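Engineer: This is the structure, below, for whatever I ask next.
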Amino acid sequence: MISVAVVDYGMGNLRSVAKALEHVAPQARVTVTDSAGEIAAADRVVVPGQGAMPDCMRELDARGLRESVVRAAATKPFLGICIGLQMLFGESEEGDASENVRGLDILPGRVPRFPVAAMQIDGGTKLKVPHMGWNNVSQSDRNHPLWQGIADTSRFYFVHSFYVDPATPALTASTTEYGIHFTSAVSRDNIFAVQFHPEKSAQAGLQLLSNFMSWKPS
Amino acid sequence: MLAKRIIPCLDVNAGRVVKGVNFLELRDAGDPVEIAQRYDEQGADELTFLDITASSDDRDIILHIVEACAEKVFIPLTVGGGVRKVEDVRRLLNAGADKVSMNTAAVNNPQLVADASAKVGAQCIVVAIDAKQTSPGRWEVFTHGGRNNTGMDTIEWARKVAALGAGEILLTSMDRDGTKAGFDLALTRAVADAVSIPVIASGGVGNLQHLADGVTEGRADAVLAASIFHYSEFTVRQAKEFMQQRGIEVRL
């Protein structure tokens, strides 16, 4: 039986993520856990996250889970969602400048805020931040196993004010347009991480989670 | 491009979806989870549950409904009604809600918006505003289903809750609610232009053109409706097709 650990560090709608995984993989054992042992023992690991990245990093450290997440990202099928994507990178603009919030530094790049000046579309209509709602996701590598069965430019549900800006274009697995052209998913080896919420993205999201559950990274 | 959202709203009383006119003559309209699934299948972008349960004994029923819904419906769910403390917000989110809406409690205690936002993130906090026109170009904020006038200006209140940390505003015109005469477009536009957070237009939808107008004329980011969907006059899909034909970006 495949086991998947949903990392619980007190931030975000873990129940929804767990229920969506159970829905697409009824045979799997889905655990919502803050135990380093369970994360280490799981076949697959999902790191969700909501809210502010400084809080997320603080909570992750408070539970002593930083090491577990770093190890999982290096060794087994790993899915990051929202802040679970952003924390893979080095530096976030979120929080006070003095706080200098560092992510896990697993992937090279930054986590900037949507630039207010660019947040306009034709006719001068200003775009709202947070970027909230269903937007198109253009797949960069359509052969990636996690995109199988999902039409290119399918809509997924987003809620965020910050986005990832990878230092290497090769990391980008999809892009999305919202005032600017930003990276909405990244992939490298056993890591796949998305800015949108597959657990809230109806059929397209469930397909991505299903793909993750059967993914065998080479 | 980001799609404009269509959000069916379900009034829930002691565990059942009810429909009625101006909170009178409430009639049973079915099981919330079944109805939520139906709207999901029709392509709803989100769902809103408004808990109108009067008895405090029955308050926890909504939590079980949210839990059951989160097992079967994989689109965002907003829950409002009776939220008074940060703890209420947390309990609803833990049950599976994605956003929690507050109305009277935010008016009585604006600090609640700031506290809840700091605790769970702005993206989870919706402030519902019930507005009524009191003179040309002025709408005041009402509470208790439109019975209590706070005297506050709606535009100022909208700016204030956005500054306090609300992630979204659910704006209902009390003048239009239940009339099927369409949104108060001037109100919607005034609020949508005043804040940098998304605004959901509500109150008055009687046909599909009204939904489209809310977006094009009212500049709303999302439109909420109850009766046109409950009475099966239109499906969510029909609403989206109508809007798409008028050049509005929707998820189909």
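Naming works like this for the structure tokens: A, B, ... for the chains as they're shown, residue 1 at the start of each chain, ligands 1 onward in shown order.
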From region 43-191 of chain B, collect each residue whose DSSP state is helix (DSSP H, G or I) and return the set as a ChimeraX atom specification.

Structural biologist: /B:56-58,61-70,86-95,104-108,111-120,122-124,154-164,185-191

Engineer: Produce a table with one row for each residue of chain A that has an atom at most 9 Å from any atom of chain B, each row naming the nearest atom pair and its distance in Å at one decimal; use only C-alpha atoms; arrange rows by chain and rising residue number; format as JSON lines.

Structural biologist:
{"residue": "A:Met11", "atom": "CA", "partner": "B:Val120", "partner_atom": "CA", "distance": 7.7}
{"residue": "A:Gly12", "atom": "CA", "partner": "B:Val120", "partner_atom": "CA", "distance": 7.8}
{"residue": "A:Asn13", "atom": "CA", "partner": "B:Gly96", "partner_atom": "CA", "distance": 6.6}
{"residue": "A:Leu14", "atom": "CA", "partner": "B:Asn94", "partner_atom": "CA", "distance": 8.0}
{"residue": "A:Arg15", "atom": "CA", "partner": "B:Gly96", "partner_atom": "CA", "distance": 6.0}
{"residue": "A:Ser16", "atom": "CA", "partner": "B:Gly96", "partner_atom": "CA", "distance": 5.9}
{"residue": "A:Lys19", "atom": "CA", "partner": "B:Glu71", "partner_atom": "CA", "distance": 5.5}
{"residue": "A:Ala20", "atom": "CA", "partner": "B:Phe74", "partner_atom": "CA", "distance": 7.1}
{"residue": "A:Glu22", "atom": "CA", "partner": "B:Glu71", "partner_atom": "CA", "distance": 8.8}
{"residue": "A:His23", "atom": "CA", "partner": "B:Glu71", "partner_atom": "CA", "distance": 7.8}
{"residue": "A:Gln50", "atom": "CA", "partner": "B:Gly121", "partner_atom": "CA", "distance": 7.3}
{"residue": "A:Gly51", "atom": "CA", "partner": "B:Gly121", "partner_atom": "CA", "distance": 4.4}
{"residue": "A:Ala52", "atom": "CA", "partner": "B:Gly121", "partner_atom": "CA", "distance": 6.6}
{"residue": "A:Lys126", "atom": "CA", "partner": "B:Ser196", "partner_atom": "CA", "distance": 8.0}
{"residue": "A:Leu127", "atom": "CA", "partner": "B:Ser196", "partner_atom": "CA", "distance": 7.7}
{"residue": "A:Lys128", "atom": "CA", "partner": "B:Ser196", "partner_atom": "CA", "distance": 5.2}
{"residue": "A:Val129", "atom": "CA", "partner": "B:Ile197", "partner_atom": "CA", "distance": 5.9}
{"residue": "A:Pro130", "atom": "CA", "partner": "B:Ile197", "partner_atom": "CA", "distance": 6.8}
{"residue": "A:His131", "atom": "CA", "partner": "B:Leu2", "partner_atom": "CA", "distance": 8.4}
{"residue": "A:Met132", "atom": "CA", "partner": "B:Pro198", "partner_atom": "CA", "distance": 7.6}
{"residue": "A:Gly133", "atom": "CA", "partner": "B:Leu2", "partner_atom": "CA", "distance": 6.6}
{"residue": "A:Trp134", "atom": "CA", "partner": "B:Ala3", "partner_atom": "CA", "distance": 5.6}
{"residue": "A:Asn135", "atom": "CA", "partner": "B:Leu2", "partner_atom": "CA", "distance": 4.5}
{"residue": "A:Asn136", "atom": "CA", "partner": "B:Met1", "partner_atom": "CA", "distance": 6.2}
{"residue": "A:Ser154", "atom": "CA", "partner": "B:Arg251", "partner_atom": "CA", "distance": 8.9}
{"residue": "A:Arg155", "atom": "CA", "partner": "B:Arg251", "partner_atom": "CA", "distance": 6.8}
{"residue": "A:Tyr157", "atom": "CA", "partner": "B:Ile75", "partner_atom": "CA", "distance": 8.1}
{"residue": "A:Val159", "atom": "CA", "partner": "B:Gln123", "partner_atom": "CA", "distance": 6.7}
{"residue": "A:His160", "atom": "CA", "partner": "B:Gln123", "partner_atom": "CA", "distance": 7.5}
{"residue": "A:Thr176", "atom": "CA", "partner": "B:Met1", "partner_atom": "CA", "distance": 8.0}
{"residue": "A:Glu177", "atom": "CA", "partner": "B:Met1", "partner_atom": "CA", "distance": 6.1}
{"residue": "A:Tyr178", "atom": "CA", "partner": "B:Met1", "partner_atom": "CA", "distance": 6.7}
{"residue": "A:Pro198", "atom": "CA", "partner": "B:Phe74", "partner_atom": "CA", "distance": 8.6}
{"residue": "A:Glu199", "atom": "CA", "partner": "B:Phe74", "partner_atom": "CA", "distance": 6.0}
{"residue": "A:Lys200", "atom": "CA", "partner": "B:Ile75", "partner_atom": "CA", "distance": 4.2}
{"residue": "A:Ser201", "atom": "CA", "partner": "B:Ile75", "partner_atom": "CA", "distance": 5.7}
{"residue": "A:Ala202", "atom": "CA", "partner": "B:Phe74", "partner_atom": "CA", "distance": 5.1}
{"residue": "A:Gln203", "atom": "CA", "partner": "B:Phe74", "partner_atom": "CA", "distance": 8.1}
{"residue": "A:Gly205", "atom": "CA", "partner": "B:Phe74", "partner_atom": "CA", "distance": 8.4}
{"residue": "A:Leu206", "atom": "CA", "partner": "B:Phe74", "partner_atom": "CA", "distance": 8.1}

Engineer: Could you check how far CA of Val215 (chain B) sits from CA of Val89 (chain B), in Å to one decimal?

Structural biologist: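 The value is 29.0 Å.
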
Engineer: In Å, with one decimal, what is the gap from CA of Leu185 (chain B) to CA of Glu217 (chain B)?

Structural biologist: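 Separation of CA of Leu185 (chain B) and CA of Glu217 (chain B): 6.4 Å.
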
Engineer: Need the shell around Gly214 (chain B): protein/DNA/RNA residues with any atom at most 9 Å away, counting only C-alpha atoms. Skip same-chain ones fewer than 6 positions apart. Format as an MDAnalysis selection string?

Structural biologist: chainID B and resid 182:185 188:189 201:202 220:223

Engineer: Emit the selected residues as a tab-separated table (two decimals), in the first residue's frame, including N, CA, C and O atoms.

Structural biologist:
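The file below, again06.tsv, is the result:
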chain	number	residue	atom	x	y	z
B	182	GLY	N	-31.72	43.09	-10.72
B	182	GLY	CA	-30.31	43.26	-11.09
B	182	GLY	C	-29.50	43.87	-9.96
B	182	GLY	O	-30.06	44.45	-9.02
B	183	PHE	N	-28.16	43.73	-10.06
B	183	PHE	CA	-27.28	44.32	-9.04
B	183	PHE	C	-27.43	45.83	-9.01
B	183	PHE	O	-27.79	46.44	-10.02
B	184	ASP	N	-27.11	46.43	-7.89
B	184	ASP	CA	-26.93	47.88	-7.84
B	184	ASP	C	-25.55	48.14	-8.45
B	184	ASP	O	-24.53	48.02	-7.77
B	185	LEU	N	-25.52	48.46	-9.72
B	185	LEU	CA	-24.25	48.54	-10.44
B	185	LEU	C	-23.41	49.73	-10.01
B	185	LEU	O	-22.18	49.66	-9.99
B	188	THR	N	-21.77	48.69	-6.80
B	188	THR	CA	-20.74	47.67	-7.06
B	188	THR	C	-19.48	48.31	-7.62
B	188	THR	O	-18.36	48.05	-7.17
B	189	ARG	N	-19.69	49.17	-8.60
B	189	ARG	CA	-18.56	49.81	-9.26
B	189	ARG	C	-17.80	50.73	-8.30
B	189	ARG	O	-16.56	50.78	-8.30
B	201	ALA	N	-20.12	40.69	-6.25
B	201	ALA	CA	-21.39	41.41	-6.30
B	201	ALA	C	-22.52	40.46	-5.90
B	201	ALA	O	-22.52	39.29	-6.29
B	202	SER	N	-23.47	40.97	-5.13
B	202	SER	CA	-24.58	40.14	-4.66
B	202	SER	C	-25.84	40.97	-4.49
B	202	SER	O	-25.78	42.17	-4.20
B	220	ALA	N	-17.21	43.93	-10.97
B	220	ALA	CA	-17.01	42.93	-9.92
B	220	ALA	C	-16.08	41.84	-10.41
B	220	ALA	O	-16.01	41.56	-11.61
B	221	ASP	N	-15.36	41.23	-9.48
B	221	ASP	CA	-14.46	40.13	-9.81
B	221	ASP	C	-15.21	38.80	-9.81
B	221	ASP	O	-14.77	37.82	-10.40
B	222	ALA	N	-16.34	38.78	-9.12
B	222	ALA	CA	-17.14	37.57	-9.04
B	222	ALA	C	-18.58	37.98	-8.81
B	222	ALA	O	-18.86	39.08	-8.32
B	223	VAL	N	-19.50	37.10	-9.21
B	223	VAL	CA	-20.92	37.38	-9.00
B	223	VAL	C	-21.55	36.23	-8.24
B	223	VAL	O	-21.27	35.06	-8.51

Engineer: Write out as a count of residues only each polymer residue whose atoms come within 10 Å of region 143-152 of chain B, counting only C-alpha atoms; drop sequence neighbours fewer than 2 positions from it.

Structural biologist: 24

Engineer: Would you kindly return, as an MDAnalysis selection string, each protein, DNA or RNA residue with an atom no farther than 9 Å from any atom of Ile61 (chain B), considering only C-alpha atoms and excluding same-chain residues fewer than 4 positions away?

Structural biologist: chainID B and resid 14:15 57 65:66

Engineer: Write out, as a tab-separated table (two decimals), in the first residue's frame, the residues just selected, with all heavy atoms.

Structural biologist:
chain	number	residue	atom	x	y	z
B	14	ALA	N	-30.20	25.06	10.25
B	14	ALA	CA	-30.20	23.80	11.01
B	14	ALA	C	-29.93	22.60	10.11
B	14	ALA	O	-30.60	21.57	10.21
B	14	ALA	CB	-31.51	23.64	11.77
B	15	GLY	N	-28.96	22.75	9.22
B	15	GLY	CA	-28.52	21.60	8.45
B	15	GLY	C	-29.20	21.39	7.12
B	15	GLY	O	-28.87	20.45	6.40
B	57	ASP	N	-27.96	26.20	19.81
B	57	ASP	CA	-27.79	24.76	20.01
B	57	ASP	C	-27.41	24.05	18.70
B	57	ASP	O	-26.74	23.03	18.71
B	57	ASP	CB	-29.10	24.12	20.52
B	57	ASP	CG	-29.45	24.64	21.89
B	57	ASP	OD1	-28.56	25.25	22.52
B	57	ASP	OD2	-30.59	24.44	22.34
B	65	ILE	N	-21.52	19.79	8.14
B	65	ILE	CA	-21.84	19.95	6.72
B	65	ILE	C	-20.59	20.34	5.93
B	65	ILE	O	-20.32	19.81	4.86
B	65	ILE	CB	-22.94	21.02	6.53
B	65	ILE	CG1	-24.25	20.48	7.10
B	65	ILE	CG2	-23.11	21.40	5.07
B	65	ILE	CD1	-25.32	21.52	7.22
B	66	VAL	N	-19.81	21.25	6.50
B	66	VAL	CA	-18.57	21.67	5.84
B	66	VAL	C	-17.63	20.47	5.71
B	66	VAL	O	-17.03	20.25	4.65
B	66	VAL	CB	-17.91	22.82	6.62
B	66	VAL	CG1	-16.52	23.12	6.08
B	66	VAL	CG2	-18.78	24.08	6.54

Engineer: Please identify all polymer residues within 12 Å of region 138-149 of chain A, counting only C-alpha atoms, omitting same-chain residues fewer than 4 positions from it, and present them as JSON, numbers by chain.

Structural biologist: {"A": [77, 78, 79, 153, 154, 155, 156, 169, 170, 171, 172, 173, 174, 175, 176, 177, 181, 182, 183, 184, 185, 186, 187, 188, 189, 190, 191, 192, 193, 194, 198, 203, 204, 205, 206, 207, 208, 209, 210, 211, 212, 213, 214, 215, 216, 217, 218], "B": [1]}

Engineer: Quick one: pick out all strand (DSSP E or B) residues within region 158-219 of chain B from a backbone DSSP run and write them as a PyMOL selection string.

Structural biologist: chain B and resi 168-173+199-202

Engineer: Do you know which residues are at most 12 Å from Ser56 (chain B) counting only C-alpha atoms, after dropping those on the same chain fewer than 6 positions away, and could you put them as a list in words?

Structural biologist: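 So the residues in contact are Asn13, Ala14, Ile62, Gly81, Gly82 and Val83 of chain B.
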
Engineer: Dump N, CA, C and O atoms for the selected residues as an mmCIF file, in the first residue's frame?

Structural biologist:
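That gives us result23.cif:
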data_model
loop_
_atom_site.group_PDB
_atom_site.id
_atom_site.type_symbol
_atom_site.label_atom_id
_atom_site.label_comp_id
_atom_site.auth_asym_id
_atom_site.auth_seq_id
_atom_site.Cartn_x
_atom_site.Cartn_y
_atom_site.Cartn_z
ATOM 1 N N ASN B 13 -30.108 26.401 7.130
ATOM 2 C CA ASN B 13 -30.778 26.556 8.420
ATOM 3 C C ASN B 13 -30.858 25.190 9.101
ATOM 4 O O ASN B 13 -31.479 24.274 8.562
ATOM 5 N N ALA B 14 -30.204 25.058 10.252
ATOM 6 C CA ALA B 14 -30.200 23.804 11.013
ATOM 7 C C ALA B 14 -29.934 22.602 10.111
ATOM 8 O O ALA B 14 -30.597 21.572 10.209
ATOM 9 N N ILE B 62 -23.361 23.180 11.119
ATOM 10 C CA ILE B 62 -22.695 23.684 9.914
ATOM 11 C C ILE B 62 -21.287 23.084 9.783
ATOM 12 O O ILE B 62 -20.816 22.820 8.670
ATOM 13 N N GLY B 81 -21.875 33.449 8.553
ATOM 14 C CA GLY B 81 -23.024 33.354 9.450
ATOM 15 C C GLY B 81 -22.606 32.986 10.850
ATOM 16 O O GLY B 81 -22.045 31.918 11.072
ATOM 17 N N GLY B 82 -22.840 33.870 11.782
ATOM 18 C CA GLY B 82 -22.572 33.567 13.186
ATOM 19 C C GLY B 82 -21.101 33.548 13.579
ATOM 20 O O GLY B 82 -20.754 33.069 14.655
ATOM 21 N N VAL B 83 -20.234 34.080 12.719
ATOM 22 C CA VAL B 83 -18.805 34.110 13.057
ATOM 23 C C VAL B 83 -18.534 35.314 13.958
ATOM 24 O O VAL B 83 -18.778 36.452 13.548
#

Engineer: Using Å and a single decimal, report how far CA of Ile200 (chain B) sits from CA of Arg237 (chain B).

Structural biologist: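 Going from CA of Arg237 (chain B) over to CA of Ile200 (chain B), I get 18.7 Å.
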